[in-house]
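**Q** To be precise about what I am sending: the file is called protein.pdb and holds PDB, C-alpha atoms and all ligand atoms.
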```pdb
MODEL        1
ATOM      1  CA  MET A   5      41.457  25.796  18.908  1.00  0.00           C
ATOM      2  CA  LYS A   6      38.430  26.318  16.633  1.00  0.00           C
ATOM      3  CA  ASN A   7      40.555  25.514  13.614  1.00  0.00           C
ATOM      4  CA  THR A   8      41.815  22.276  15.167  1.00  0.00           C
ATOM      5  CA  ILE A   9      38.245  21.109  15.783  1.00  0.00           C
ATOM      6  CA  LYS A  10      37.337  22.021  12.202  1.00  0.00           C
ATOM      7  CA  LEU A  11      40.322  20.069  10.896  1.00  0.00           C
ATOM      8  CA  ILE A  12      39.459  17.008  12.970  1.00  0.00           C
ATOM      9  CA  MET A  13      35.866  17.138  11.726  1.00  0.00           C
ATOM     10  CA  VAL A  14      36.931  17.419   8.095  1.00  0.00           C
ATOM     11  CA  ALA A  15      39.275  14.460   8.602  1.00  0.00           C
ATOM     12  CA  ILE A  16      36.527  12.352  10.188  1.00  0.00           C
ATOM     13  CA  ILE A  17      34.103  13.139   7.387  1.00  0.00           C
ATOM     14  CA  GLY A  18      36.797  12.324   4.851  1.00  0.00           C
ATOM     15  CA  ILE A  19      37.574   8.950   6.400  1.00  0.00           C
ATOM     16  CA  PHE A  20      33.841   8.176   6.611  1.00  0.00           C
ATOM     17  CA  MET A  21      33.324   8.987   2.919  1.00  0.00           C
ATOM     18  CA  VAL A  22      36.252   6.849   1.811  1.00  0.00           C
ATOM     19  CA  ALA A  23      35.017   3.972   3.965  1.00  0.00           C
ATOM     20  CA  CYS A  24      31.498   4.207   2.543  1.00  0.00           C
ATOM     21  CA  GLY A  25      32.779   4.483  -1.012  1.00  0.00           C
ATOM     22  CA  ASN A  26      34.838   1.347  -0.602  1.00  0.00           C
ATOM     23  CA  THR A  27      32.077  -0.809   0.835  1.00  0.00           C
ATOM     24  CA  GLY A  28      29.711   0.337  -1.891  1.00  0.00           C
ATOM     25  CA  GLU A  29      32.007  -0.698  -4.689  1.00  0.00           C
ATOM     26  CA  GLU A  30      33.999  -3.666  -3.555  1.00  0.00           C
ATOM     27  CA  LYS A  31      31.876  -5.689  -1.208  1.00  0.00           C
ATOM     28  CA  VAL A  32      29.451  -8.097  -2.866  1.00  0.00           C
ATOM     29  CA  SER A  33      27.036  -8.752  -0.059  1.00  0.00           C
ATOM     30  CA  LYS A  34      24.758 -11.729  -0.085  1.00  0.00           C
ATOM     31  CA  VAL A  35      21.139 -11.185  -1.055  1.00  0.00           C
ATOM     32  CA  TYR A  36      18.694 -13.295   0.964  1.00  0.00           C
ATOM     33  CA  VAL A  37      15.751 -14.422  -1.158  1.00  0.00           C
ATOM     34  CA  GLY A  38      12.574 -15.589   0.573  1.00  0.00           C
ATOM     35  CA  THR A  39      10.305 -18.206  -0.972  1.00  0.00           C
ATOM     36  CA  ASN A  40       7.771 -20.851  -0.001  1.00  0.00           C
ATOM     37  CA  ALA A  41       8.785 -24.128  -1.604  1.00  0.00           C
ATOM     38  CA  GLU A  42       5.274 -25.594  -1.788  1.00  0.00           C
ATOM     39  CA  PHE A  43       4.208 -24.132  -5.095  1.00  0.00           C
ATOM     40  CA  ALA A  44       5.283 -26.442  -7.931  1.00  0.00           C
ATOM     41  CA  PRO A  45       6.287 -25.807 -10.662  1.00  0.00           C
ATOM     42  CA  PHE A  46       7.420 -22.374  -9.430  1.00  0.00           C
ATOM     43  CA  GLU A  47       9.183 -23.567  -6.279  1.00  0.00           C
ATOM     44  CA  TYR A  48       9.244 -26.910  -4.527  1.00  0.00           C
ATOM     45  CA  LEU A  49      11.666 -29.218  -2.801  1.00  0.00           C
ATOM     46  CA  GLU A  50      13.448 -31.984  -4.649  1.00  0.00           C
ATOM     47  CA  ASP A  51      16.041 -34.014  -2.736  1.00  0.00           C
ATOM     48  CA  GLY A  52      16.224 -31.241  -0.170  1.00  0.00           C
ATOM     49  CA  LYS A  53      16.913 -28.582  -2.818  1.00  0.00           C
ATOM     50  CA  THR A  54      14.563 -25.760  -3.771  1.00  0.00           C
ATOM     51  CA  VAL A  55      13.895 -26.052  -7.492  1.00  0.00           C
ATOM     52  CA  GLY A  56      11.400 -24.637 -10.008  1.00  0.00           C
ATOM     53  CA  PHE A  57      10.812 -21.866 -12.537  1.00  0.00           C
ATOM     54  CA  ASP A  58      11.258 -19.090  -9.973  1.00  0.00           C
ATOM     55  CA  MET A  59      14.505 -20.608  -8.712  1.00  0.00           C
ATOM     56  CA  ASP A  60      15.981 -20.823 -12.224  1.00  0.00           C
ATOM     57  CA  LEU A  61      14.832 -17.289 -12.988  1.00  0.00           C
ATOM     58  CA  MET A  62      16.342 -16.023  -9.748  1.00  0.00           C
ATOM     59  CA  GLU A  63      19.616 -17.785 -10.517  1.00  0.00           C
ATOM     60  CA  ALA A  64      19.739 -16.154 -13.957  1.00  0.00           C
ATOM     61  CA  ILE A  65      18.935 -12.739 -12.471  1.00  0.00           C
ATOM     62  CA  SER A  66      21.647 -13.084  -9.824  1.00  0.00           C
ATOM     63  CA  LYS A  67      24.222 -13.929 -12.513  1.00  0.00           C
ATOM     64  CA  GLU A  68      23.071 -10.972 -14.580  1.00  0.00           C
ATOM     65  CA  ILE A  69      23.361  -8.558 -11.640  1.00  0.00           C
ATOM     66  CA  GLY A  70      26.480 -10.189 -10.210  1.00  0.00           C
ATOM     67  CA  ILE A  71      25.161 -10.957  -6.749  1.00  0.00           C
ATOM     68  CA  GLU A  72      25.389 -13.960  -4.500  1.00  0.00           C
ATOM     69  CA  ILE A  73      22.018 -15.247  -3.310  1.00  0.00           C
ATOM     70  CA  GLU A  74      20.799 -17.519  -0.544  1.00  0.00           C
ATOM     71  CA  ILE A  75      17.296 -18.966  -0.657  1.00  0.00           C
ATOM     72  CA  LYS A  76      15.286 -18.866   2.572  1.00  0.00           C
ATOM     73  CA  ASP A  77      12.314 -21.219   2.571  1.00  0.00           C
ATOM     74  CA  MET A  78       9.467 -20.180   4.881  1.00  0.00           C
ATOM     75  CA  ALA A  79       5.668 -20.133   5.251  1.00  0.00           C
ATOM     76  CA  PHE A  80       3.993 -18.049   2.548  1.00  0.00           C
ATOM     77  CA  ASP A  81       2.249 -15.731   4.999  1.00  0.00           C
ATOM     78  CA  GLY A  82       5.590 -15.132   6.763  1.00  0.00           C
ATOM     79  CA  LEU A  83       7.301 -13.778   3.624  1.00  0.00           C
ATOM     80  CA  LEU A  84       6.073 -10.172   3.686  1.00  0.00           C
ATOM     81  CA  PRO A  85       6.683  -9.741   7.434  1.00  0.00           C
ATOM     82  CA  ALA A  86      10.202 -11.201   7.005  1.00  0.00           C
ATOM     83  CA  LEU A  87      10.916  -8.721   4.213  1.00  0.00           C
ATOM     84  CA  GLN A  88       9.659  -5.830   6.274  1.00  0.00           C
ATOM     85  CA  ALA A  89      11.735  -6.958   9.246  1.00  0.00           C
ATOM     86  CA  LYS A  90      14.794  -7.140   6.900  1.00  0.00           C
ATOM     87  CA  LYS A  91      15.332 -10.828   7.586  1.00  0.00           C
ATOM     88  CA  ILE A  92      15.317 -11.266   3.819  1.00  0.00           C
ATOM     89  CA  ASP A  93      16.117  -8.806   1.005  1.00  0.00           C
ATOM     90  CA  MET A  94      13.547  -9.901  -1.538  1.00  0.00           C
ATOM     91  CA  ILE A  95      10.840 -12.458  -2.343  1.00  0.00           C
ATOM     92  CA  ILE A  96      10.267 -14.695  -5.325  1.00  0.00           C
ATOM     93  CA  ALA A  97       7.362 -17.020  -4.614  1.00  0.00           C
ATOM     94  CA  GLY A  98       4.776 -16.923  -7.394  1.00  0.00           C
ATOM     95  CA  MET A  99       3.590 -13.916  -5.464  1.00  0.00           C
ATOM     96  CA  THR A 100       0.819 -11.840  -7.002  1.00  0.00           C
ATOM     97  CA  ALA A 101       1.469  -8.104  -6.982  1.00  0.00           C
ATOM     98  CA  THR A 102      -1.806  -7.068  -5.336  1.00  0.00           C
ATOM     99  CA  GLU A 103      -2.756  -3.484  -4.452  1.00  0.00           C
ATOM    100  CA  GLU A 104      -2.894  -4.494  -0.796  1.00  0.00           C
ATOM    101  CA  ARG A 105       0.664  -5.884  -0.821  1.00  0.00           C
ATOM    102  CA  LYS A 106       1.915  -2.858  -2.770  1.00  0.00           C
ATOM    103  CA  LYS A 107       1.186  -0.767   0.319  1.00  0.00           C
ATOM    104  CA  ALA A 108       3.878  -2.712   2.193  1.00  0.00           C
ATOM    105  CA  VAL A 109       6.518  -3.520  -0.429  1.00  0.00           C
ATOM    106  CA  ASN A 110       7.671  -2.647  -3.944  1.00  0.00           C
ATOM    107  CA  PHE A 111       7.169  -5.093  -6.781  1.00  0.00           C
ATOM    108  CA  SER A 112       9.359  -5.699  -9.810  1.00  0.00           C
ATOM    109  CA  GLU A 113       7.984  -5.811 -13.347  1.00  0.00           C
ATOM    110  CA  THR A 114       5.634  -8.752 -13.935  1.00  0.00           C
ATOM    111  CA  TYR A 115       7.371 -12.020 -14.758  1.00  0.00           C
ATOM    112  CA  TYR A 116       4.349 -14.314 -15.095  1.00  0.00           C
ATOM    113  CA  LYS A 117       0.592 -13.957 -15.679  1.00  0.00           C
ATOM    114  CA  ALA A 118      -1.683 -16.371 -13.878  1.00  0.00           C
ATOM    115  CA  ASN A 119      -5.256 -16.728 -12.676  1.00  0.00           C
ATOM    116  CA  GLN A 120      -7.212 -18.547 -10.012  1.00  0.00           C
ATOM    117  CA  VAL A 121      -8.961 -21.772 -10.978  1.00  0.00           C
ATOM    118  CA  ILE A 122     -11.387 -24.132  -9.274  1.00  0.00           C
ATOM    119  CA  ILE A 123     -10.502 -27.774  -8.615  1.00  0.00           C
ATOM    120  CA  THR A 124     -13.336 -30.200  -7.915  1.00  0.00           C
ATOM    121  CA  ALA A 125     -13.925 -33.934  -7.845  1.00  0.00           C
ATOM    122  CA  GLU A 126     -13.892 -35.364 -11.378  1.00  0.00           C
ATOM    123  CA  LYS A 127     -17.584 -36.236 -11.233  1.00  0.00           C
ATOM    124  CA  ALA A 128     -18.806 -32.891  -9.822  1.00  0.00           C
ATOM    125  CA  GLU A 129     -20.786 -30.993 -12.484  1.00  0.00           C
ATOM    126  CA  ASP A 130     -22.434 -28.161 -10.590  1.00  0.00           C
ATOM    127  CA  ILE A 131     -19.630 -25.588 -10.282  1.00  0.00           C
ATOM    128  CA  ALA A 132     -19.473 -23.770 -13.624  1.00  0.00           C
ATOM    129  CA  ASN A 133     -18.131 -20.449 -12.379  1.00  0.00           C
ATOM    130  CA  PHE A 134     -16.958 -18.670  -9.244  1.00  0.00           C
ATOM    131  CA  ASP A 135     -20.547 -17.766  -8.282  1.00  0.00           C
ATOM    132  CA  GLY A 136     -21.233 -21.489  -8.356  1.00  0.00           C
ATOM    133  CA  LEU A 137     -19.155 -21.762  -5.183  1.00  0.00           C
ATOM    134  CA  LYS A 138     -22.053 -20.249  -3.198  1.00  0.00           C
ATOM    135  CA  GLY A 139     -23.356 -22.730  -0.682  1.00  0.00           C
ATOM    136  CA  LYS A 140     -20.268 -24.933  -1.135  1.00  0.00           C
ATOM    137  CA  LYS A 141     -17.421 -25.847   1.170  1.00  0.00           C
ATOM    138  CA  VAL A 142     -14.327 -24.400  -0.450  1.00  0.00           C
ATOM    139  CA  GLY A 143     -10.694 -24.970   0.496  1.00  0.00           C
ATOM    140  CA  VAL A 144      -8.227 -22.094   0.177  1.00  0.00           C
ATOM    141  CA  ILE A 145      -4.652 -21.647   1.315  1.00  0.00           C
ATOM    142  CA  LEU A 146      -4.160 -19.129   4.078  1.00  0.00           C
ATOM    143  CA  GLY A 147      -2.994 -15.747   2.798  1.00  0.00           C
ATOM    144  CA  PHE A 148      -3.023 -16.712  -0.893  1.00  0.00           C
ATOM    145  CA  THR A 149      -4.869 -14.542  -3.375  1.00  0.00           C
ATOM    146  CA  GLY A 150      -7.320 -17.447  -3.790  1.00  0.00           C
ATOM    147  CA  ASP A 151      -8.265 -16.907  -0.143  1.00  0.00           C
ATOM    148  CA  VAL A 152      -9.025 -13.236  -0.902  1.00  0.00           C
ATOM    149  CA  VAL A 153     -11.013 -14.049  -4.069  1.00  0.00           C
ATOM    150  CA  VAL A 154     -13.201 -16.657  -2.361  1.00  0.00           C
ATOM    151  CA  SER A 155     -13.690 -14.578   0.792  1.00  0.00           C
ATOM    152  CA  LYS A 156     -15.356 -11.898  -1.393  1.00  0.00           C
ATOM    153  CA  ILE A 157     -18.050 -14.290  -2.629  1.00  0.00           C
ATOM    154  CA  LYS A 158     -21.001 -14.259  -0.250  1.00  0.00           C
ATOM    155  CA  GLY A 159     -22.423 -17.494   1.037  1.00  0.00           C
ATOM    156  CA  VAL A 160     -19.308 -19.628   0.646  1.00  0.00           C
ATOM    157  CA  GLU A 161     -18.102 -21.731   3.531  1.00  0.00           C
ATOM    158  CA  THR A 162     -14.324 -21.456   3.365  1.00  0.00           C
ATOM    159  CA  LYS A 163     -11.886 -23.798   4.970  1.00  0.00           C
ATOM    160  CA  LYS A 164      -8.376 -22.390   5.266  1.00  0.00           C
ATOM    161  CA  TYR A 165      -5.336 -24.629   4.922  1.00  0.00           C
ATOM    162  CA  ASN A 166      -1.655 -24.094   5.566  1.00  0.00           C
ATOM    163  CA  ALA A 167      -0.611 -26.131   2.548  1.00  0.00           C
ATOM    164  CA  GLY A 168      -2.178 -26.936  -0.813  1.00  0.00           C
ATOM    165  CA  TYR A 169      -1.675 -30.697  -0.648  1.00  0.00           C
ATOM    166  CA  VAL A 170      -3.727 -30.947   2.574  1.00  0.00           C
ATOM    167  CA  ALA A 171      -6.645 -29.159   0.873  1.00  0.00           C
ATOM    168  CA  ILE A 172      -6.349 -31.545  -2.091  1.00  0.00           C
ATOM    169  CA  MET A 173      -6.404 -34.528   0.278  1.00  0.00           C
ATOM    170  CA  ASP A 174      -9.604 -33.250   1.878  1.00  0.00           C
ATOM    171  CA  LEU A 175     -11.128 -32.688  -1.567  1.00  0.00           C
ATOM    172  CA  LYS A 176     -10.328 -36.258  -2.581  1.00  0.00           C
ATOM    173  CA  GLU A 177     -11.916 -37.535   0.619  1.00  0.00           C
ATOM    174  CA  GLY A 178     -15.054 -35.493  -0.065  1.00  0.00           C
ATOM    175  CA  LYS A 179     -14.632 -33.315   3.028  1.00  0.00           C
ATOM    176  CA  ILE A 180     -14.799 -30.170   0.865  1.00  0.00           C
ATOM    177  CA  ASP A 181     -16.425 -29.476  -2.539  1.00  0.00           C
ATOM    178  CA  ALA A 182     -13.712 -27.450  -4.217  1.00  0.00           C
ATOM    179  CA  VAL A 183     -10.256 -25.905  -3.884  1.00  0.00           C
ATOM    180  CA  VAL A 184      -9.391 -22.496  -5.366  1.00  0.00           C
ATOM    181  CA  LEU A 185      -5.754 -22.142  -6.363  1.00  0.00           C
ATOM    182  CA  ASP A 186      -3.408 -20.546  -8.924  1.00  0.00           C
ATOM    183  CA  GLY A 187      -3.620 -22.239 -12.343  1.00  0.00           C
ATOM    184  CA  GLU A 188      -0.185 -23.847 -12.676  1.00  0.00           C
ATOM    185  CA  PRO A 189       0.065 -25.422  -9.211  1.00  0.00           C
ATOM    186  CA  ALA A 190      -3.549 -26.576  -9.700  1.00  0.00           C
ATOM    187  CA  LYS A 191      -2.563 -28.338 -12.949  1.00  0.00           C
ATOM    188  CA  ASN A 192       0.286 -29.943 -11.099  1.00  0.00           C
ATOM    189  CA  PHE A 193      -2.020 -31.312  -8.388  1.00  0.00           C
ATOM    190  CA  VAL A 194      -4.485 -32.648 -10.964  1.00  0.00           C
ATOM    191  CA  LYS A 195      -1.670 -34.351 -12.869  1.00  0.00           C
ATOM    192  CA  ASN A 196      -0.440 -36.085  -9.726  1.00  0.00           C
ATOM    193  CA  ASN A 197      -3.783 -37.008  -8.146  1.00  0.00           C
ATOM    194  CA  GLU A 198      -6.561 -39.298  -9.343  1.00  0.00           C
ATOM    195  CA  GLY A 199     -10.225 -38.278  -9.345  1.00  0.00           C
ATOM    196  CA  ILE A 200      -9.935 -34.470  -9.459  1.00  0.00           C
ATOM    197  CA  LYS A 201     -10.192 -31.915 -12.275  1.00  0.00           C
ATOM    198  CA  ILE A 202      -9.944 -28.223 -13.030  1.00  0.00           C
ATOM    199  CA  THR A 203     -13.302 -26.705 -14.005  1.00  0.00           C
ATOM    200  CA  SER A 204     -13.577 -24.365 -16.988  1.00  0.00           C
ATOM    201  CA  ALA A 205     -14.122 -21.345 -14.714  1.00  0.00           C
ATOM    202  CA  GLU A 206     -11.247 -18.874 -14.713  1.00  0.00           C
ATOM    203  CA  GLY A 207     -10.667 -16.083 -12.232  1.00  0.00           C
ATOM    204  CA  GLU A 208      -9.267 -12.661 -13.072  1.00  0.00           C
ATOM    205  CA  LYS A 209      -5.694 -12.361 -14.310  1.00  0.00           C
ATOM    206  CA  GLU A 210      -3.032 -11.946 -11.654  1.00  0.00           C
ATOM    207  CA  GLU A 211       0.551 -10.881 -12.156  1.00  0.00           C
ATOM    208  CA  TYR A 212       3.488 -12.501 -10.380  1.00  0.00           C
ATOM    209  CA  ALA A 213       6.356 -10.237  -9.441  1.00  0.00           C
ATOM    210  CA  MET A 214       9.338 -10.180  -7.125  1.00  0.00           C
ATOM    211  CA  ALA A 215       8.987  -8.120  -3.949  1.00  0.00           C
ATOM    212  CA  VAL A 216      11.663  -5.834  -2.556  1.00  0.00           C
ATOM    213  CA  SER A 217      11.497  -3.625   0.499  1.00  0.00           C
ATOM    214  CA  LYS A 218      10.415  -0.025  -0.169  1.00  0.00           C
ATOM    215  CA  ASP A 219      13.782   1.435   0.783  1.00  0.00           C
ATOM    216  CA  ASN A 220      15.804  -0.732  -1.581  1.00  0.00           C
ATOM    217  CA  GLU A 221      15.202   1.027  -4.908  1.00  0.00           C
ATOM    218  CA  GLU A 222      18.706   0.069  -6.025  1.00  0.00           C
ATOM    219  CA  LEU A 223      18.054  -3.688  -5.936  1.00  0.00           C
ATOM    220  CA  LEU A 224      14.643  -3.253  -7.570  1.00  0.00           C
ATOM    221  CA  LYS A 225      16.173  -1.293 -10.439  1.00  0.00           C
ATOM    222  CA  LYS A 226      18.824  -3.962 -11.011  1.00  0.00           C
ATOM    223  CA  ILE A 227      16.214  -6.751 -10.958  1.00  0.00           C
ATOM    224  CA  ASN A 228      14.066  -4.970 -13.542  1.00  0.00           C
ATOM    225  CA  ILE A 229      17.000  -4.355 -15.866  1.00  0.00           C
ATOM    226  CA  ALA A 230      18.085  -7.999 -15.535  1.00  0.00           C
ATOM    227  CA  LEU A 231      14.526  -9.186 -16.240  1.00  0.00           C
ATOM    228  CA  THR A 232      14.363  -7.099 -19.428  1.00  0.00           C
ATOM    229  CA  THR A 233      17.725  -8.503 -20.543  1.00  0.00           C
ATOM    230  CA  LEU A 234      16.668 -12.104 -19.869  1.00  0.00           C
ATOM    231  CA  LYS A 235      13.379 -11.593 -21.735  1.00  0.00           C
ATOM    232  CA  GLY A 236      15.286 -10.092 -24.652  1.00  0.00           C
ATOM    233  CA  ASN A 237      18.043 -12.691 -24.966  1.00  0.00           C
ATOM    234  CA  GLY A 238      15.874 -15.817 -24.938  1.00  0.00           C
ATOM    235  CA  THR A 239      16.789 -17.029 -21.428  1.00  0.00           C
ATOM    236  CA  TYR A 240      13.308 -16.310 -20.062  1.00  0.00           C
ATOM    237  CA  ASP A 241      11.590 -18.185 -22.939  1.00  0.00           C
ATOM    238  CA  LYS A 242      13.913 -21.140 -22.420  1.00  0.00           C
ATOM    239  CA  LEU A 243      12.858 -21.311 -18.774  1.00  0.00           C
ATOM    240  CA  LEU A 244       9.168 -21.090 -19.725  1.00  0.00           C
ATOM    241  CA  LYS A 245       9.622 -24.040 -22.081  1.00  0.00           C
ATOM    242  CA  LYS A 246      11.513 -26.002 -19.445  1.00  0.00           C
ATOM    243  CA  TRP A 247       8.870 -25.634 -16.730  1.00  0.00           C
ATOM    244  CA  PHE A 248       5.446 -25.223 -18.416  1.00  0.00           C
TER     245      PHE A 248
HETATM  246  N1  LIG B 301      -0.181 -16.218  -6.294  1.00  0.00           N
HETATM  247  C1  LIG B 301      -0.689 -16.517  -5.011  1.00  0.00           C
HETATM  248  C2  LIG B 301      -0.494 -15.348  -4.072  1.00  0.00           C
HETATM  249  O1  LIG B 301       0.258 -14.471  -4.341  1.00  0.00           O
HETATM  250  C3  LIG B 301      -0.080 -17.785  -4.405  1.00  0.00           C
HETATM  251  C4  LIG B 301       1.396 -17.671  -4.236  1.00  0.00           C
HETATM  252  C5  LIG B 301       2.073 -18.849  -3.548  1.00  0.00           C
HETATM  253  O2  LIG B 301       1.509 -19.637  -2.894  1.00  0.00           O
HETATM  254  N2  LIG B 301       3.317 -19.002  -3.644  1.00  0.00           N
HETATM  255  O3  LIG B 301      -1.111 -15.321  -3.058  1.00  0.00           O
ENDMDL
END
```
Show how you would write the structure in this file as structure tokens.
**A**
Amino acid sequence: MKNTIKLIMVAIIGIFMVACGNTGEEKVSKVYVGTNAEFAPFEYLEDGKTVGFDMDLMEAISKEIGIEIEIKDMAFDGLLPALQAKKIDMIIAGMTATEERKKAVNFSETYYKANQVIITAEKAEDIANFDGLKGKKVGVILGFTGDVVVSKIKGVETKKYNAGYVAIMDLKEGKIDAVVLDGEPAKNFVKNNEGIKITSAEGEKEEYAMAVSKDNEELLKKINIALTTLKGNGTYDKLLKKWF
């Protein structure tokens, strides 16, 4: 009797191992990639499609790793919770790898260096640096690193927005004195809007990286290897030239 039970158990374990082995090797499961398509030129919507530097980079990475991806567009401050709840497998969204966020997720190697800048009305002359924001009404986007940077400066009246273009509209209408935003999207807004400029003040460097959940070391490793390959074979530089 004891031997029969032992045999059955060995058989069950055997079947389980074979089953696991097979799924691991043969099944290419889809990787869901979260982004927030309101951050040109990194990610934005064009004719209903999510395009931008991050999207091209992600496409190249997926080809390199041999995975199928599906982009999930959502609010920026919903990305980390979605990753933690396993609704998505990773994030690429011009996201800065901050110490605070590192507590919740793992970040890939850096793929872009950026910094916060200040946008004001073209004629405004009194905001020369970040301290110059004291006493001013400053627009930030909810949950962005710019929000964190400005919230640390005492004496600033911040107005939080859900989307960058709404903050820019308010700036143009004189409802706020400045908007603090990442450099590249800021340039994009200034290019497409009359009467605003980027001041010479530059915030600290920030590093963009892809986020993966803490228990998915495997995917993170593959992403990092792919990133190194793409940087080495010229693909990454080609994308930089295309978008910046
Ligand atoms: N780099 C900024 C951050 O991580 C903004 C990112 C974004 O809006 N996509 O908060």
**Q** Between A:Thr39, A:Ser112, A:Thr102, A:Asn237, which one has atoms that come closest to Glu222 (chain A), using only C-alpha atoms?
**A**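 Looking at the shortest contact to Glu222 (chain A), the residue is A:Ser112.
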**Q** Do you know which residues are within 8 Å of ligand LIG 301 (chain B) using all atoms listed in the file? Can you write them as a PyMOL selection string?
**A** chain A and resi 39-43+46-47+80+97-102+118+145+147-151+185-186+210-212
**Q** Report the distance between CA of Asp58 (chain A) and CA of Thr203 (chain A) in Å, rounded to one decimal place.
**A**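 CA of Thr203 (chain A) lies 26.0 Å from CA of Asp58 (chain A).
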**Q** Can you spell out as an MDAnalysis selection string the set of residues that the PyMOL selection byres (((chain A and resi 135) around 10) and not hetatm) selects in the structure I just provided?
**A** chainID A and resid 131:134 136:139 154 157:160 205
**Q** Store the residues picked out above, limited to C-alpha atoms, as a PDB file, in the frame of the given file.
**A**
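Done, and the output landed in out.pdb:
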```pdb
ATOM      1  CA  ILE A 131     -19.630 -25.588 -10.282  1.00  0.00           C
ATOM      2  CA  ALA A 132     -19.473 -23.770 -13.624  1.00  0.00           C
ATOM      3  CA  ASN A 133     -18.131 -20.449 -12.379  1.00  0.00           C
ATOM      4  CA  PHE A 134     -16.958 -18.670  -9.244  1.00  0.00           C
ATOM      5  CA  GLY A 136     -21.233 -21.489  -8.356  1.00  0.00           C
ATOM      6  CA  LEU A 137     -19.155 -21.762  -5.183  1.00  0.00           C
ATOM      7  CA  LYS A 138     -22.053 -20.249  -3.198  1.00  0.00           C
ATOM      8  CA  GLY A 139     -23.356 -22.730  -0.682  1.00  0.00           C
ATOM      9  CA  VAL A 154     -13.201 -16.657  -2.361  1.00  0.00           C
ATOM     10  CA  ILE A 157     -18.050 -14.290  -2.629  1.00  0.00           C
ATOM     11  CA  LYS A 158     -21.001 -14.259  -0.250  1.00  0.00           C
ATOM     12  CA  GLY A 159     -22.423 -17.494   1.037  1.00  0.00           C
ATOM     13  CA  VAL A 160     -19.308 -19.628   0.646  1.00  0.00           C
ATOM     14  CA  ALA A 205     -14.122 -21.345 -14.714  1.00  0.00           C
TER      15      ALA A 205
END
```
**Q** Run the PyMOL selection byres (((chain A and resi 169) around 12) and not hetatm) against the file shown and list the residues it catches, as a compact mmCIF listing (two decimals) with C-alpha atoms, in the coordinates of the input.
**A**
```
# COMPACT_ATOMS: atom_id res chain seq x y z
CA GLU A 42 5.27 -25.59 -1.79
CA PHE A 43 4.21 -24.13 -5.10
CA ALA A 44 5.28 -26.44 -7.93
CA GLY A 143 -10.69 -24.97 0.50
CA VAL A 144 -8.23 -22.09 0.18
CA ILE A 145 -4.65 -21.65 1.32
CA TYR A 165 -5.34 -24.63 4.92
CA ASN A 166 -1.66 -24.09 5.57
CA ALA A 167 -0.61 -26.13 2.55
CA GLY A 168 -2.18 -26.94 -0.81
CA VAL A 170 -3.73 -30.95 2.57
CA ALA A 171 -6.64 -29.16 0.87
CA ILE A 172 -6.35 -31.54 -2.09
CA MET A 173 -6.40 -34.53 0.28
CA ASP A 174 -9.60 -33.25 1.88
CA LEU A 175 -11.13 -32.69 -1.57
CA LYS A 176 -10.33 -36.26 -2.58
CA VAL A 183 -10.26 -25.90 -3.88
CA LEU A 185 -5.75 -22.14 -6.36
CA PRO A 189 0.06 -25.42 -9.21
CA ALA A 190 -3.55 -26.58 -9.70
CA ASN A 192 0.29 -29.94 -11.10
CA PHE A 193 -2.02 -31.31 -8.39
CA VAL A 194 -4.49 -32.65 -10.96
CA ASN A 196 -0.44 -36.08 -9.73
CA ASN A 197 -3.78 -37.01 -8.15
```
**Q** Kindly give the distance, in Å, that separates CA of Asp77 (chain A) and CA of Lys201 (chain A), rounded to a single decimal.
**A**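 Going from CA of Asp77 (chain A) over to CA of Lys201 (chain A) covers 29.0 Å.
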**Q** Give me, please, the distance in Å between CA of Lys34 (chain A) and CA of Glu72 (chain A), quoted to one decimal.
**A**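 Interatomic distance here is 5.0 Å.
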**Q** Edge lengths and centre, in Å to one decimal, as lines of an AutoDock Vina configuration file: that's what I need for the box along x, y and z that holds all listed atoms of region 230-242 of chain A plus 8 Å on each side.
**A**
```
center_x = 14.8
center_y = -14.1
center_z = -20.3
size_x = 22.5
size_y = 30.0
size_z = 25.4
```
**Q** List as a ChimeraX atom specification the protein and nucleic acid residues near region 85-88 of chain A, meaning an atom at most 12 Å away when all atoms listed in the file are counted, but skip any in the same chain fewer than 3 places from it.
**A** /A:35-39,76-82,91-96,105,107-110,214-220
**Q** Skip region 65-68 of chain A itself and residues of its chain fewer than 6 positions away, then list as a list in words all residues within 7 Å of it, counting all atoms listed in the file.
**A**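 Counting all atoms listed in the file, the residues come to Ile227, Ala230 and Leu231 of chain A.
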**Q** Need to verify the contact set: Val121 (chain A), 6 Å, only C-alpha atoms, exclusion of same-chain residues closer than 4 positions in sequence. Can you return it as a CSV table (one decimal) with C-alpha atoms, in the coordinates of the input?
**A**
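New file result_15.csv:
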```
chain,number,residue,atom,x,y,z
A,184,VAL,CA,-9.4,-22.5,-5.4
A,185,LEU,CA,-5.8,-22.1,-6.4
A,187,GLY,CA,-3.6,-22.2,-12.3
A,206,GLU,CA,-11.2,-18.9,-14.7
```
